[in-house]
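Undergrad: The structure under discussion is supplied below as structure tokens; questions concerning it will follow.
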Amino acid sequence: MLRVGLTGGLGSGKSTVAQILHELGAAVSESDEVGRAMMQPGQPVYNDILRIFGPRVTAPDGRLNRAELARLAFTEGRLDELNGIVHPAVIAAQQQWMDGVFARDPKAVAVIVSALIFEVERDARARGDRESVLGDWHNRIDRVIVVTAPDETKIARYVSRLNLSGVERMKAEDDARARLAHQVPDAEKASRADYVIDNTRDMADLRTQVEAVWRALQAESNQRSGE
């Protein structure tokens, strides 16, 4: 078995890489999807967010106003508070998911997709936590894949998905830059990663790189299972 973290800044293409890995045979869990499910009304994470941030982060239908929550997190310096609620719960849920994957197939490669693997570690260590699953990603991940691209390319990809124009497009670009500013730079991530995928060319090139990484992951997982 092999626990793999797949990371990269917004717009880097990590979701595309995750889809290719899934097609090749990997079990894949998207941290964003897990987090969104936990932030639905009635969930403990949802209740904790309301307790900390107050009713102003709810929409008229009772769901979280994610735009307001993002504004508080990124422009009012409350990102650590939000992450402190969401990240431990997501990590615990994904650990349970991996346990189930490996119980069914001891040779499986389980891939956790998260934009913030290194950032979670950085922020935990800044709080003095160096040994938990938050403070040391090696406690929950065996190998890390980083997907890289120039920041301006990431921003362009992010904004293009939103299909905005004019002032709204500029706001989205500013939001993307604010998010990237909080993230660990690609160069540092790449220096600490086991595999680096450069997503600056076409889809054929990207798939070739992912297939090469997949073969290496499979080989290591098979070797571990045979020990």
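Just remember, in the structure tokens the first chain shown is A, the second B, etc., residues are 1-based per chain, and ligands are 1-based in the order shown.
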Name the residues in contact with Gly100 in chain A at a cut-off of 12 Å, using only C-alpha atoms, excluding same-chain residues fewer than 5 positions from it; report them as a PDB file with N, CA and C atoms, in the first residue's frame.
TA:
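Dumped everything to out_27.pdb:
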```
ATOM      1  N   MET A   1       0.843  -1.186   0.000  1.00  0.00           N
ATOM      2  CA  MET A   1       0.000   0.000   0.000  1.00  0.00           C
ATOM      3  C   MET A   1       0.883   1.242   0.000  1.00  0.00           C
ATOM      4  N   ALA A  27      -6.880   5.012  -6.171  1.00  0.00           N
ATOM      5  CA  ALA A  27      -8.033   5.465  -5.390  1.00  0.00           C
ATOM      6  C   ALA A  27      -7.772   6.927  -5.040  1.00  0.00           C
ATOM      7  N   ALA A  93     -11.121  12.151   8.437  1.00  0.00           N
ATOM      8  CA  ALA A  93     -12.026  11.444   7.521  1.00  0.00           C
ATOM      9  C   ALA A  93     -11.249  10.731   6.425  1.00  0.00           C
ATOM     10  N   GLN A  94     -10.206  11.365   5.920  1.00  0.00           N
ATOM     11  CA  GLN A  94      -9.425  10.739   4.855  1.00  0.00           C
ATOM     12  C   GLN A  94      -8.580   9.584   5.374  1.00  0.00           C
ATOM     13  N   GLN A  95      -8.190   9.647   6.631  1.00  0.00           N
ATOM     14  CA  GLN A  95      -7.486   8.504   7.209  1.00  0.00           C
ATOM     15  C   GLN A  95      -8.413   7.287   7.275  1.00  0.00           C
ATOM     16  N   ASP A 105      -7.774  -3.673  -0.634  1.00  0.00           N
ATOM     17  CA  ASP A 105      -6.686  -3.975  -1.563  1.00  0.00           C
ATOM     18  C   ASP A 105      -5.360  -3.538  -0.948  1.00  0.00           C
ATOM     19  N   PRO A 106      -4.597  -4.468  -0.373  1.00  0.00           N
ATOM     20  CA  PRO A 106      -3.330  -4.104   0.266  1.00  0.00           C
ATOM     21  C   PRO A 106      -2.305  -3.496  -0.683  1.00  0.00           C
ATOM     22  N   ALA A 108      -3.063  -1.229  -2.990  1.00  0.00           N
ATOM     23  CA  ALA A 108      -3.650  -0.010  -3.548  1.00  0.00           C
ATOM     24  C   ALA A 108      -2.719   1.191  -3.374  1.00  0.00           C
ATOM     25  N   ALA A 110      -3.413   5.020  -2.666  1.00  0.00           N
ATOM     26  CA  ALA A 110      -4.465   5.954  -2.258  1.00  0.00           C
ATOM     27  C   ALA A 110      -3.928   7.371  -2.355  1.00  0.00           C
TER      28      ALA A 110
END
```
Undergrad: What residues in range 24-86 of chain A get the DSSP label alpha helix (DSSP H)? Please answer as a ChimeraX atom specification.
TA: /A:24,31-38,44-53,66-75,79-86
Undergrad: To one decimal place in Å, what is the distance between CA of Arg66 in chain A and CA of Ile117 in chain A?
TA: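 Computing it gives 21.4 Å between the two atoms.
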Undergrad: Which of these, A:Gly13, A:Gly77, A:Pro185, A:Gly128, has the shortest distance to Arg161 in chain A once you count only C-alpha atoms?
TA: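 Using only C-alpha atoms, Arg161 in chain A sits closest to A:Gly13.
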Undergrad: Considering only C-alpha atoms, tabulate each residue of range 22-140 of chain A that lies at most 9 Å from range 214-225 of chain A along with its nearest interatomic pair and the corresponding distance in Å to one decimal; arrange the rows by chain and ascending residue number and present them as a Markdown table.
TA:
```
| residue | atom | partner | partner_atom | distance |
| --- | --- | --- | --- | --- |
| A:Leu24 | CA | A:Trp214 | CA | 7.6 |
| A:Gly25 | CA | A:Trp214 | CA | 8.9 |
| A:Ala26 | CA | A:Trp214 | CA | 8.4 |
| A:Pro106 | CA | A:Ser225 | CA | 6.4 |
| A:Lys107 | CA | A:Asn222 | CA | 5.7 |
| A:Ala108 | CA | A:Ser221 | CA | 6.9 |
| A:Val109 | CA | A:Ser221 | CA | 6.6 |
```
Undergrad: Keeping N, CA and C atoms, export the residues of the selection given above as a CSV table (one decimal), in the first residue's frame.
TA:
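After the write, result-v3.csv holds the following:
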```csv
chain,number,residue,atom,x,y,z
A,24,LEU,N,-6.0,5.6,-14.3
A,24,LEU,CA,-4.9,4.6,-14.3
A,24,LEU,C,-5.1,3.5,-13.2
A,25,GLY,N,-5.9,3.8,-12.2
A,25,GLY,CA,-6.1,2.8,-11.2
A,25,GLY,C,-6.0,3.2,-9.7
A,26,ALA,N,-5.6,4.5,-9.5
A,26,ALA,CA,-5.5,5.0,-8.1
A,26,ALA,C,-6.8,5.2,-7.5
A,106,PRO,N,-4.6,-4.5,-0.4
A,106,PRO,CA,-3.3,-4.1,0.3
A,106,PRO,C,-2.3,-3.5,-0.7
A,107,LYS,N,-2.5,-3.7,-2.0
A,107,LYS,CA,-1.5,-3.1,-3.0
A,107,LYS,C,-2.0,-1.8,-3.5
A,108,ALA,N,-3.1,-1.2,-3.0
A,108,ALA,CA,-3.7,0.0,-3.5
A,108,ALA,C,-2.7,1.2,-3.4
A,109,VAL,N,-2.9,2.1,-4.3
A,109,VAL,CA,-2.3,3.5,-4.1
A,109,VAL,C,-3.4,4.4,-3.9
```
